[in-house]
>>> print(open('entry-v1.cif').read())   # mmCIF, C-alpha atoms
data_data
loop_
_atom_site.group_PDB
_atom_site.id
_atom_site.type_symbol
_atom_site.label_atom_id
_atom_site.label_comp_id
_atom_site.auth_asym_id
_atom_site.auth_seq_id
_atom_site.Cartn_x
_atom_site.Cartn_y
_atom_site.Cartn_z
ATOM 1 C CA MET A 1 -7.147 -4.942 9.574
ATOM 2 C CA ILE A 2 -3.467 -5.144 8.759
ATOM 3 C CA THR A 3 -4.240 -5.458 5.070
ATOM 4 C CA ASP A 4 -6.071 -2.108 5.128
ATOM 5 C CA LEU A 5 -2.761 -0.378 5.881
ATOM 6 C CA PRO A 6 -0.711 1.031 2.988
ATOM 7 C CA ASP A 7 1.357 -1.409 0.982
ATOM 8 C CA GLU A 8 3.984 1.199 0.087
ATOM 9 C CA ALA A 9 7.217 1.755 1.970
ATOM 10 C CA PHE A 10 6.574 5.483 2.284
ATOM 11 C CA THR A 11 3.320 7.388 2.170
ATOM 12 C CA GLU A 12 4.984 10.830 1.983
ATOM 13 C CA PRO A 13 8.275 11.837 0.304
ATOM 14 C CA TRP A 14 9.702 13.288 3.551
ATOM 15 C CA GLN A 15 9.654 9.768 5.037
ATOM 16 C CA ALA A 16 12.008 8.503 2.334
ATOM 17 C CA ARG A 17 14.300 11.445 3.041
ATOM 18 C CA LEU A 18 14.306 10.782 6.752
ATOM 19 C CA PHE A 19 15.023 7.106 6.077
ATOM 20 C CA ALA A 20 18.039 8.049 3.956
ATOM 21 C CA MET A 21 19.246 10.745 6.378
ATOM 22 C CA ALA A 22 19.655 8.150 9.130
ATOM 23 C CA GLN A 23 21.847 5.978 6.921
ATOM 24 C CA VAL A 24 23.999 8.839 5.744
ATOM 25 C CA ALA A 25 24.398 10.218 9.277
ATOM 26 C CA CYS A 26 25.322 6.803 10.689
ATOM 27 C CA SER A 27 28.003 6.246 8.120
ATOM 28 C CA SER A 28 29.472 9.759 8.299
ATOM 29 C CA MET A 29 29.593 9.518 12.112
ATOM 30 C CA ASP A 30 31.198 6.095 11.726
ATOM 31 C CA ARG A 31 28.548 4.514 13.927
ATOM 32 C CA PRO A 32 27.174 1.021 13.291
ATOM 33 C CA TRP A 33 23.584 0.854 12.064
ATOM 34 C CA ASP A 34 22.735 -0.851 15.315
ATOM 35 C CA ALA A 35 23.399 2.407 17.169
ATOM 36 C CA PHE A 36 20.449 3.878 15.296
ATOM 37 C CA ARG A 37 18.332 0.742 15.495
ATOM 38 C CA HIS A 38 18.599 0.696 19.303
ATOM 39 C CA ARG A 39 17.265 4.215 19.514
ATOM 40 C CA LEU A 40 14.469 3.454 17.062
ATOM 41 C CA LYS A 41 13.430 0.430 19.092
ATOM 42 C CA ALA A 42 13.389 2.548 22.255
ATOM 43 C CA ALA A 43 11.447 5.353 20.574
ATOM 44 C CA ILE A 44 8.804 2.868 19.375
ATOM 45 C CA ALA A 45 8.582 1.218 22.795
ATOM 46 C CA GLU A 46 8.216 4.600 24.451
ATOM 47 C CA GLN A 47 5.180 5.572 22.352
ATOM 48 C CA PRO A 48 3.890 2.535 20.448
ATOM 49 C CA ASP A 49 1.085 4.492 18.786
ATOM 50 C CA ARG A 50 3.268 7.308 17.505
ATOM 51 C CA PRO A 51 3.488 7.244 13.690
ATOM 52 C CA TYR A 52 6.462 5.118 12.674
ATOM 53 C CA TYR A 53 8.499 7.827 10.929
ATOM 54 C CA ASP A 54 7.955 10.225 13.820
ATOM 55 C CA SER A 55 9.684 7.638 16.023
ATOM 56 C CA TRP A 56 12.379 7.382 13.367
ATOM 57 C CA MET A 57 12.857 11.169 13.638
ATOM 58 C CA VAL A 58 13.198 10.982 17.435
ATOM 59 C CA ALA A 59 15.836 8.255 17.047
ATOM 60 C CA LEU A 60 17.765 10.274 14.468
ATOM 61 C CA GLU A 61 17.703 13.381 16.655
ATOM 62 C CA GLN A 62 19.029 11.369 19.584
ATOM 63 C CA LEU A 63 21.752 9.700 17.519
ATOM 64 C CA THR A 64 23.030 12.975 16.103
ATOM 65 C CA GLY A 65 22.353 15.141 19.139
ATOM 66 C CA CYS A 66 20.666 17.591 16.763
ATOM 67 C CA SER A 67 17.106 18.775 17.282
ATOM 68 C CA PRO A 68 15.461 21.596 15.398
ATOM 69 C CA PRO A 69 13.945 24.125 17.787
ATOM 70 C CA ASP A 70 10.254 23.365 18.306
ATOM 71 C CA GLY A 71 8.235 25.380 15.867
ATOM 72 C CA MET B 1 -6.645 9.978 15.365
ATOM 73 C CA SER B 2 -7.434 12.020 12.316
ATOM 74 C CA GLU B 3 -7.584 10.351 8.936
ATOM 75 C CA GLY B 4 -7.590 13.741 7.261
ATOM 76 C CA HIS B 5 -4.584 13.621 4.997
ATOM 77 C CA HIS B 6 -4.050 16.825 3.131
ATOM 78 C CA HIS B 7 -2.441 16.456 -0.197
ATOM 79 C CA ALA B 8 -2.584 20.172 -0.803
ATOM 80 C CA ARG B 9 0.421 22.470 -0.669
ATOM 81 C CA GLU B 10 0.481 22.817 3.084
ATOM 82 C CA LYS B 11 3.215 20.854 4.814
ATOM 83 C CA SER B 12 2.606 18.618 7.802
ATOM 84 C CA PRO B 13 4.486 19.274 11.055
ATOM 85 C CA SER B 14 6.546 16.093 10.468
ATOM 86 C CA GLU B 15 7.520 17.224 6.994
ATOM 87 C CA LEU B 16 8.529 20.652 8.270
ATOM 88 C CA ARG B 17 10.545 19.099 11.081
ATOM 89 C CA THR B 18 12.291 16.751 8.647
ATOM 90 C CA MET B 19 13.291 19.723 6.503
ATOM 91 C CA ALA B 20 14.562 21.594 9.556
ATOM 92 C CA LEU B 21 16.483 18.544 10.777
ATOM 93 C CA GLU B 22 18.045 18.012 7.353
ATOM 94 C CA ALA B 23 19.198 21.641 7.252
ATOM 95 C CA LEU B 24 20.645 21.320 10.740
ATOM 96 C CA LEU B 25 22.493 18.073 9.962
ATOM 97 C CA VAL B 26 23.925 19.611 6.790
ATOM 98 C CA GLU B 27 25.054 22.648 8.774
ATOM 99 C CA ARG B 28 26.783 20.393 11.323
ATOM 100 C CA GLY B 29 28.501 18.517 8.513
ATOM 101 C CA LEU B 30 26.856 15.191 9.402
ATOM 102 C CA ILE B 31 25.105 14.726 6.057
ATOM 103 C CA SER B 32 25.123 16.240 2.600
ATOM 104 C CA THR B 33 22.025 16.747 0.516
ATOM 105 C CA ASP B 34 23.687 14.893 -2.358
ATOM 106 C CA ALA B 35 24.393 11.833 -0.218
ATOM 107 C CA VAL B 36 20.784 11.769 0.983
ATOM 108 C CA ASP B 37 19.534 12.160 -2.596
ATOM 109 C CA ALA B 38 21.723 9.242 -3.651
ATOM 110 C CA VAL B 39 20.338 6.908 -0.976
ATOM 111 C CA VAL B 40 16.738 7.897 -1.740
ATOM 112 C CA GLU B 41 17.360 7.283 -5.416
ATOM 113 C CA GLN B 42 19.045 3.942 -4.794
ATOM 114 C CA PHE B 43 16.065 2.632 -2.840
ATOM 115 C CA GLN B 44 13.660 4.005 -5.427
ATOM 116 C CA ASN B 45 15.295 2.484 -8.458
ATOM 117 C CA GLU B 46 17.764 -0.184 -7.595
ATOM 118 C CA ILE B 47 17.225 -1.954 -4.288
ATOM 119 C CA GLY B 48 13.917 -3.763 -4.113
ATOM 120 C CA PRO B 49 12.164 -7.128 -4.008
ATOM 121 C CA ARG B 50 13.192 -7.984 -7.584
ATOM 122 C CA ARG B 51 16.580 -8.860 -6.116
ATOM 123 C CA GLY B 52 15.114 -11.378 -3.690
ATOM 124 C CA ALA B 53 12.888 -12.740 -6.455
ATOM 125 C CA ARG B 54 15.937 -13.393 -8.640
ATOM 126 C CA MET B 55 17.598 -15.291 -5.817
ATOM 127 C CA VAL B 56 14.488 -17.411 -5.284
ATOM 128 C CA ALA B 57 14.195 -18.169 -9.003
ATOM 129 C CA ARG B 58 17.877 -19.109 -9.131
ATOM 130 C CA ALA B 59 17.389 -21.440 -6.170
ATOM 131 C CA TRP B 60 14.451 -23.091 -7.957
ATOM 132 C CA VAL B 61 16.464 -23.888 -11.082
ATOM 133 C CA ASP B 62 19.890 -24.500 -9.561
ATOM 134 C CA PRO B 63 20.057 -26.980 -6.670
ATOM 135 C CA ALA B 64 23.651 -26.047 -5.879
ATOM 136 C CA TYR B 65 22.683 -22.371 -5.524
ATOM 137 C CA ARG B 66 19.750 -23.380 -3.333
ATOM 138 C CA GLU B 67 22.145 -25.223 -1.055
ATOM 139 C CA ARG B 68 24.469 -22.222 -0.848
ATOM 140 C CA LEU B 69 21.519 -19.890 -0.219
ATOM 141 C CA LEU B 70 20.262 -21.970 2.682
ATOM 142 C CA ALA B 71 23.761 -22.385 4.107
ATOM 143 C CA ASP B 72 24.786 -18.705 3.910
ATOM 144 C CA GLY B 73 22.262 -16.161 2.663
ATOM 145 C CA THR B 74 24.689 -13.237 2.861
ATOM 146 C CA ALA B 75 27.194 -14.973 0.588
ATOM 147 C CA ALA B 76 24.469 -16.164 -1.800
ATOM 148 C CA ALA B 77 23.190 -12.574 -2.107
ATOM 149 C CA ALA B 78 26.724 -11.257 -2.654
ATOM 150 C CA GLU B 79 27.179 -13.838 -5.387
ATOM 151 C CA MET B 80 24.320 -12.122 -7.261
ATOM 152 C CA GLY B 81 25.913 -8.731 -6.633
ATOM 153 C CA TYR B 82 23.578 -7.767 -3.794
ATOM 154 C CA GLY B 83 25.504 -6.355 -0.864
ATOM 155 C CA GLY B 84 25.076 -3.368 1.383
ATOM 156 C CA ALA B 85 23.976 -5.139 4.546
ATOM 157 C CA GLN B 86 24.403 -3.018 7.662
ATOM 158 C CA GLY B 87 26.462 -5.648 9.434
ATOM 159 C CA GLU B 88 23.709 -8.207 9.822
ATOM 160 C CA ARG B 89 23.538 -11.738 8.465
ATOM 161 C CA LEU B 90 20.962 -12.802 5.879
ATOM 162 C CA VAL B 91 19.337 -16.144 6.648
ATOM 163 C CA CYS B 92 17.052 -17.834 4.146
ATOM 164 C CA VAL B 93 14.326 -20.155 5.455
ATOM 165 C CA ALA B 94 12.711 -22.601 3.030
ATOM 166 C CA ASN B 95 9.027 -23.474 2.908
ATOM 167 C CA THR B 96 8.184 -27.163 2.636
ATOM 168 C CA PRO B 97 4.850 -28.975 2.381
ATOM 169 C CA ASP B 98 5.000 -29.362 6.182
ATOM 170 C CA THR B 99 6.280 -25.954 7.233
ATOM 171 C CA HIS B 100 5.426 -22.437 6.184
ATOM 172 C CA ASN B 101 7.737 -19.589 7.207
ATOM 173 C CA ALA B 102 7.096 -15.885 7.685
ATOM 174 C CA ILE B 103 9.139 -12.950 8.920
ATOM 175 C CA VAL B 104 8.465 -10.146 11.377
ATOM 176 C CA CYS B 105 10.349 -7.674 13.532
ATOM 177 C CA THR B 106 8.518 -7.487 16.821
ATOM 178 C CA LEU B 107 10.530 -4.602 18.306
ATOM 179 C CA CYS B 108 10.981 -2.234 15.400
ATOM 180 C CA SER B 109 11.173 -2.827 11.677
ATOM 181 C CA CYS B 110 14.256 -4.884 10.815
ATOM 182 C CA TYR B 111 14.010 -6.266 7.315
ATOM 183 C CA PRO B 112 16.426 -7.585 4.686
ATOM 184 C CA TRP B 113 16.806 -4.249 2.849
ATOM 185 C CA PRO B 114 19.568 -5.321 0.455
ATOM 186 C CA VAL B 115 17.311 -7.955 -1.121
ATOM 187 C CA LEU B 116 13.759 -6.694 -0.457
ATOM 188 C CA GLY B 117 14.099 -2.899 -0.261
ATOM 189 C CA VAL B 118 12.187 -0.872 2.322
ATOM 190 C CA PRO B 119 9.343 -2.713 4.080
ATOM 191 C CA PRO B 120 5.709 -1.743 3.500
ATOM 192 C CA VAL B 121 3.826 0.377 6.039
ATOM 193 C CA TRP B 122 1.871 -2.609 7.387
ATOM 194 C CA TYR B 123 5.061 -4.552 8.170
ATOM 195 C CA LYS B 124 6.118 -1.722 10.483
ATOM 196 C CA SER B 125 2.701 -1.407 12.127
ATOM 197 C CA PRO B 126 1.984 -2.422 15.746
ATOM 198 C CA PRO B 127 -0.775 -4.907 14.782
ATOM 199 C CA TYR B 128 1.424 -6.872 12.370
ATOM 200 C CA ARG B 129 4.360 -6.884 14.786
ATOM 201 C CA ALA B 130 2.217 -8.147 17.649
ATOM 202 C CA ARG B 131 -0.297 -10.417 15.959
ATOM 203 C CA MET B 132 2.055 -12.210 13.569
ATOM 204 C CA VAL B 133 3.634 -13.862 16.584
ATOM 205 C CA ARG B 134 0.445 -14.414 18.593
ATOM 206 C CA GLU B 135 -1.921 -15.625 15.886
ATOM 207 C CA PRO B 136 -0.047 -16.089 12.612
ATOM 208 C CA ARG B 137 -2.677 -18.332 11.069
ATOM 209 C CA ALA B 138 -5.359 -15.672 11.509
ATOM 210 C CA VAL B 139 -3.083 -12.960 10.095
ATOM 211 C CA LEU B 140 -2.194 -15.099 7.070
ATOM 212 C CA ARG B 141 -5.895 -15.712 6.494
ATOM 213 C CA GLU B 142 -6.440 -11.932 6.367
ATOM 214 C CA PHE B 143 -3.803 -11.810 3.644
ATOM 215 C CA GLY B 144 -5.809 -14.436 1.793
ATOM 216 C CA LEU B 145 -3.455 -17.287 2.602
ATOM 217 C CA GLU B 146 -5.317 -20.287 3.971
ATOM 218 C CA LEU B 147 -2.879 -23.006 5.030
ATOM 219 C CA PRO B 148 -3.849 -26.585 5.792
ATOM 220 C CA GLU B 149 -4.100 -27.272 9.538
ATOM 221 C CA THR B 150 -1.350 -29.850 9.055
ATOM 222 C CA THR B 151 1.101 -27.181 7.879
ATOM 223 C CA ALA B 152 3.135 -25.793 10.755
ATOM 224 C CA ILE B 153 3.844 -22.062 10.743
ATOM 225 C CA ARG B 154 7.236 -20.777 11.853
ATOM 226 C CA ILE B 155 7.681 -17.087 12.533
ATOM 227 C CA TRP B 156 11.192 -15.621 12.342
ATOM 228 C CA ASP B 157 11.742 -12.509 14.442
ATOM 229 C CA SER B 158 14.443 -10.310 12.939
ATOM 230 C CA SER B 159 17.129 -8.987 15.206
ATOM 231 C CA ALA B 160 20.235 -6.821 15.180
ATOM 232 C CA GLU B 161 22.310 -9.736 13.937
ATOM 233 C CA VAL B 162 19.998 -11.626 11.613
ATOM 234 C CA ARG B 163 17.550 -10.733 8.839
ATOM 235 C CA TYR B 164 15.399 -13.446 7.301
ATOM 236 C CA ILE B 165 13.967 -14.048 3.857
ATOM 237 C CA VAL B 166 11.532 -16.814 2.944
ATOM 238 C CA LEU B 167 12.262 -19.211 0.093
ATOM 239 C CA PRO B 168 8.817 -20.219 -1.169
ATOM 240 C CA MET B 169 8.077 -23.519 -2.895
ATOM 241 C CA ARG B 170 8.126 -23.503 -6.672
ATOM 242 C CA PRO B 171 4.549 -23.763 -7.925
ATOM 243 C CA ASP B 172 3.508 -26.686 -10.099
ATOM 244 C CA GLY B 173 3.037 -26.016 -13.777
ATOM 245 C CA THR B 174 6.072 -23.727 -14.099
ATOM 246 C CA GLU B 175 8.400 -26.144 -15.879
ATOM 247 C CA HIS B 176 8.235 -24.077 -19.078
ATOM 248 C CA LEU B 177 9.418 -20.853 -17.409
ATOM 249 C CA ASP B 178 12.983 -19.582 -17.462
ATOM 250 C CA GLU B 179 14.620 -17.869 -14.501
ATOM 251 C CA GLU B 180 13.286 -14.397 -15.304
ATOM 252 C CA GLY B 181 9.796 -15.799 -15.849
ATOM 253 C CA LEU B 182 9.997 -17.588 -12.522
ATOM 254 C CA ALA B 183 11.192 -14.417 -10.779
ATOM 255 C CA ASP B 184 8.018 -12.714 -12.052
ATOM 256 C CA LEU B 185 5.993 -15.100 -9.883
ATOM 257 C CA VAL B 186 7.854 -14.203 -6.706
ATOM 258 C CA THR B 187 6.293 -11.172 -5.067
ATOM 259 C CA ARG B 188 7.655 -9.330 -2.066
ATOM 260 C CA ASP B 189 4.853 -10.815 0.045
ATOM 261 C CA CYS B 190 5.979 -14.343 -0.885
ATOM 262 C CA MET B 191 9.402 -13.593 0.586
ATOM 263 C CA ILE B 192 7.882 -12.059 3.731
ATOM 264 C CA GLY B 193 5.757 -15.191 3.949
ATOM 265 C CA VAL B 194 2.271 -13.651 3.855
ATOM 266 C CA ALA B 195 1.650 -15.087 0.383
ATOM 267 C CA VAL B 196 2.778 -17.976 -1.754
ATOM 268 C CA PRO B 197 3.612 -17.760 -5.443
ATOM 269 C CA GLY B 198 0.714 -18.699 -7.623
ATOM 270 C CA VAL B 199 0.505 -19.431 -11.266
ATOM 271 C CA THR B 200 -1.891 -16.822 -12.548
ATOM 272 C CA GLU B 201 -4.258 -17.908 -15.264
ATOM 273 C CA GLY B 202 -2.422 -15.740 -17.766
ATOM 274 C CA VAL B 203 0.876 -17.479 -17.115
ATOM 275 C CA ALA B 204 -0.560 -20.980 -16.984
ATOM 276 C CA ALA B 205 -2.484 -20.573 -20.225
#
>>> encode(input="entry-v1.cif", output="structure tokens")
Amino acid sequence: MITDLPDEAFTEPWQARLFAMAQVACSSMDRPWDAFRHRLKAAIAEQPDRPYYDSWMVALEQLTGCSPPDG
Amino acid sequence: MSEGHHHAREKSPSELRTMALEALLVERGLISTDAVDAVVEQFQNEIGPRRGARMVARAWVDPAYRERLLADGTAAAAEMGYGGAQGERLVCVANTPDTHNAIVCTLCSCYPWPVLGVPPVWYKSPPYRARMVREPRAVLREFGLELPETTAIRIWDSSAEVRYIVLPMRPDGTEHLDEEGLADLVTRDCMIGVAVPGVTEGVAA
């Protein structure tokens, strides 16, 4: 059920950080928010069952062209 | 899918990757830790559904504001000091006895941040995004909102250009409340459209 899912915006502090990082990166790169949103939409469509903030991370890595080496 | 959340000291792979990405973006000069802190803090303390609730309460007591809100949501929010939209327009849709409105973003998670804050986990979930369009009446019932069959349900799908907010109907029995008291009745869910403001027994008494 939808109502069994968390009611909070973030379930872990790193999600709030990632959320903010995308906004700061967009504005410092002088890109419109839509540039990020497009990538988020694509990342969600690509793997609909991936946890939401993991898709957000993929979108942010694509927008910035920065990816940490796989640990 | 494991439900095993560990709240111990160990960090999840996503948390570790976020930390690594933040360090990398700082190194490349694309973000600063202070700027990220500031945004996190702003959404924690300042930007949230209380803003939308104040707009709704104002619209309930001031017919001229209501008209401005329905004509141009972005301007009506700015009038209250609520800006910071990312280039999109805010559109307010009003519930009536005949029509109930609710919002969704079917493709990702668009949401009127400047007036509602960050959306809840369920709003961003695949089942809400899919089912709210396909079977809104059933979804609303799960939220405990049973609408008369004669009430039409309109679902507003957010997009790059437009973010929606629902203006609920003012409940009966609230004539004695001032604007702040009215705003207390307006929950985030009322402005998403999965609830309607109720007069709790405590308030009505």
>>> closest_residue(input="entry-v1.cif", among="B:Leu25, B:Glu15, B:Leu140, B:Val118", to="Cys26 (chain A)", atoms="only C-alpha atoms")
B:Leu25
>>> closest_residue(input="entry-v1.cif", among="B:Gly117, B:Pro49, B:Pro63, B:Pro13", to="Met57 (chain A)", atoms="all atoms listed in the file")
B:Pro13
>>> atom_distance(input="entry-v1.cif", atom1="CA of Leu63 (chain A)", atom2="CA of Ser28 (chain A)")
12.0 Å
>>> axis_aligned_box(input="entry-v1.cif", around="region 104-115 of chain B", padding_each_side="3 Å", output="lines of an AutoDock Vina configuration file")
center_x = 14.0
center_y = -6.2
center_z = 8.6
size_x = 17.1
size_y = 13.9
size_z = 25.4
>>> closest_residue(input="entry-v1.cif", among="B:Ile165, B:Leu116, B:Val186, B:Val91", to="chain A", atoms="all atoms listed in the file")
B:Leu116
>>> closest_atom_pairs(input="entry-v1.cif", of="chain B", to="chain A", cutoff="6 Å", atoms="all atoms listed in the file", output="Markdown table")
| residue | atom | partner | partner_atom | distance |
| --- | --- | --- | --- | --- |
| B:Glu15 | CA | A:Trp14 | CA | 5.7 |
| B:Ala20 | CA | A:Pro68 | CA | 5.9 |
| B:Leu21 | CA | A:Pro68 | CA | 5.6 |
| B:Leu30 | CA | A:Ala25 | CA | 5.5 |
| B:Ile31 | CA | A:Ala25 | CA | 5.6 |
| B:Val36 | CA | A:Ala20 | CA | 5.5 |
| B:Val39 | CA | A:Ala20 | CA | 5.6 |
| B:Val40 | CA | A:Ala20 | CA | 5.8 |
| B:Gln86 | CA | A:Trp33 | CA | 5.9 |
| B:Leu107 | CA | A:Lys41 | CA | 5.9 |
| B:Cys108 | CA | A:Lys41 | CA | 5.2 |
| B:Val118 | CA | A:Ala9 | CA | 5.6 |
| B:Pro119 | CA | A:Ala9 | CA | 5.4 |
| B:Pro120 | CA | A:Ala9 | CA | 4.1 |
| B:Val121 | CA | A:Ala9 | CA | 5.5 |
| B:Trp122 | CA | A:Leu5 | CA | 5.4 |
>>> residues_around(input="entry-v1.cif", residues="region 169-178 of chain B", least_positions_apart="6", cutoff="12 Å", atoms="all atoms listed in the file", output="PyMOL selection string")
chain B and resi 53-54+56-62+66+93-101+184-186+190-191+193+195-201+203-205
>>> write_last_selection(input="entry-v1.cif", atoms="C-alpha atoms", output="mmCIF file, keeping the file's coordinate frame")
data_model
loop_
_atom_site.group_PDB
_atom_site.id
_atom_site.type_symbol
_atom_site.label_atom_id
_atom_site.label_comp_id
_atom_site.auth_asym_id
_atom_site.auth_seq_id
_atom_site.Cartn_x
_atom_site.Cartn_y
_atom_site.Cartn_z
ATOM 1 C CA ALA B 53 12.888 -12.740 -6.455
ATOM 2 C CA ARG B 54 15.937 -13.393 -8.640
ATOM 3 C CA VAL B 56 14.488 -17.411 -5.284
ATOM 4 C CA ALA B 57 14.195 -18.169 -9.003
ATOM 5 C CA ARG B 58 17.877 -19.109 -9.131
ATOM 6 C CA ALA B 59 17.389 -21.440 -6.170
ATOM 7 C CA TRP B 60 14.451 -23.091 -7.957
ATOM 8 C CA VAL B 61 16.464 -23.888 -11.082
ATOM 9 C CA ASP B 62 19.890 -24.500 -9.561
ATOM 10 C CA ARG B 66 19.750 -23.380 -3.333
ATOM 11 C CA VAL B 93 14.326 -20.155 5.455
ATOM 12 C CA ALA B 94 12.711 -22.601 3.030
ATOM 13 C CA ASN B 95 9.027 -23.474 2.908
ATOM 14 C CA THR B 96 8.184 -27.163 2.636
ATOM 15 C CA PRO B 97 4.850 -28.975 2.381
ATOM 16 C CA ASP B 98 5.000 -29.362 6.182
ATOM 17 C CA THR B 99 6.280 -25.954 7.233
ATOM 18 C CA HIS B 100 5.426 -22.437 6.184
ATOM 19 C CA ASN B 101 7.737 -19.589 7.207
ATOM 20 C CA ASP B 184 8.018 -12.714 -12.052
ATOM 21 C CA LEU B 185 5.993 -15.100 -9.883
ATOM 22 C CA VAL B 186 7.854 -14.203 -6.706
ATOM 23 C CA CYS B 190 5.979 -14.343 -0.885
ATOM 24 C CA MET B 191 9.402 -13.593 0.586
ATOM 25 C CA GLY B 193 5.757 -15.191 3.949
ATOM 26 C CA ALA B 195 1.650 -15.087 0.383
ATOM 27 C CA VAL B 196 2.778 -17.976 -1.754
ATOM 28 C CA PRO B 197 3.612 -17.760 -5.443
ATOM 29 C CA GLY B 198 0.714 -18.699 -7.623
ATOM 30 C CA VAL B 199 0.505 -19.431 -11.266
ATOM 31 C CA THR B 200 -1.891 -16.822 -12.548
ATOM 32 C CA GLU B 201 -4.258 -17.908 -15.264
ATOM 33 C CA VAL B 203 0.876 -17.479 -17.115
ATOM 34 C CA ALA B 204 -0.560 -20.980 -16.984
ATOM 35 C CA ALA B 205 -2.484 -20.573 -20.225
#
>>> atom_distance(input="entry-v1.cif", atom1="CA of Val162 (chain B)", atom2="CA of Arg89 (chain B)")
4.7 Å
>>> atom_distance(input="entry-v1.cif", atom1="CA of Cys110 (chain B)", atom2="CA of Val133 (chain B)")
15.1 Å
>>> residues_around(input="entry-v1.cif", residues="Asp157 (chain B)", least_positions_apart="6", cutoff="10 Å", atoms="only C-alpha atoms", output="list in words")
Ala102, Ile103, Val104, Cys105, Thr106, Leu107, Cys110, Tyr111, Arg129, Met132, Val133, Arg163 and Tyr164 of chain B
>>> closest_residue(input="entry-v1.cif", among="B:Ala183, B:Ile155, B:Leu167, B:Met19", to="Glu67 (chain B)", atoms="only C-alpha atoms")
B:Leu167
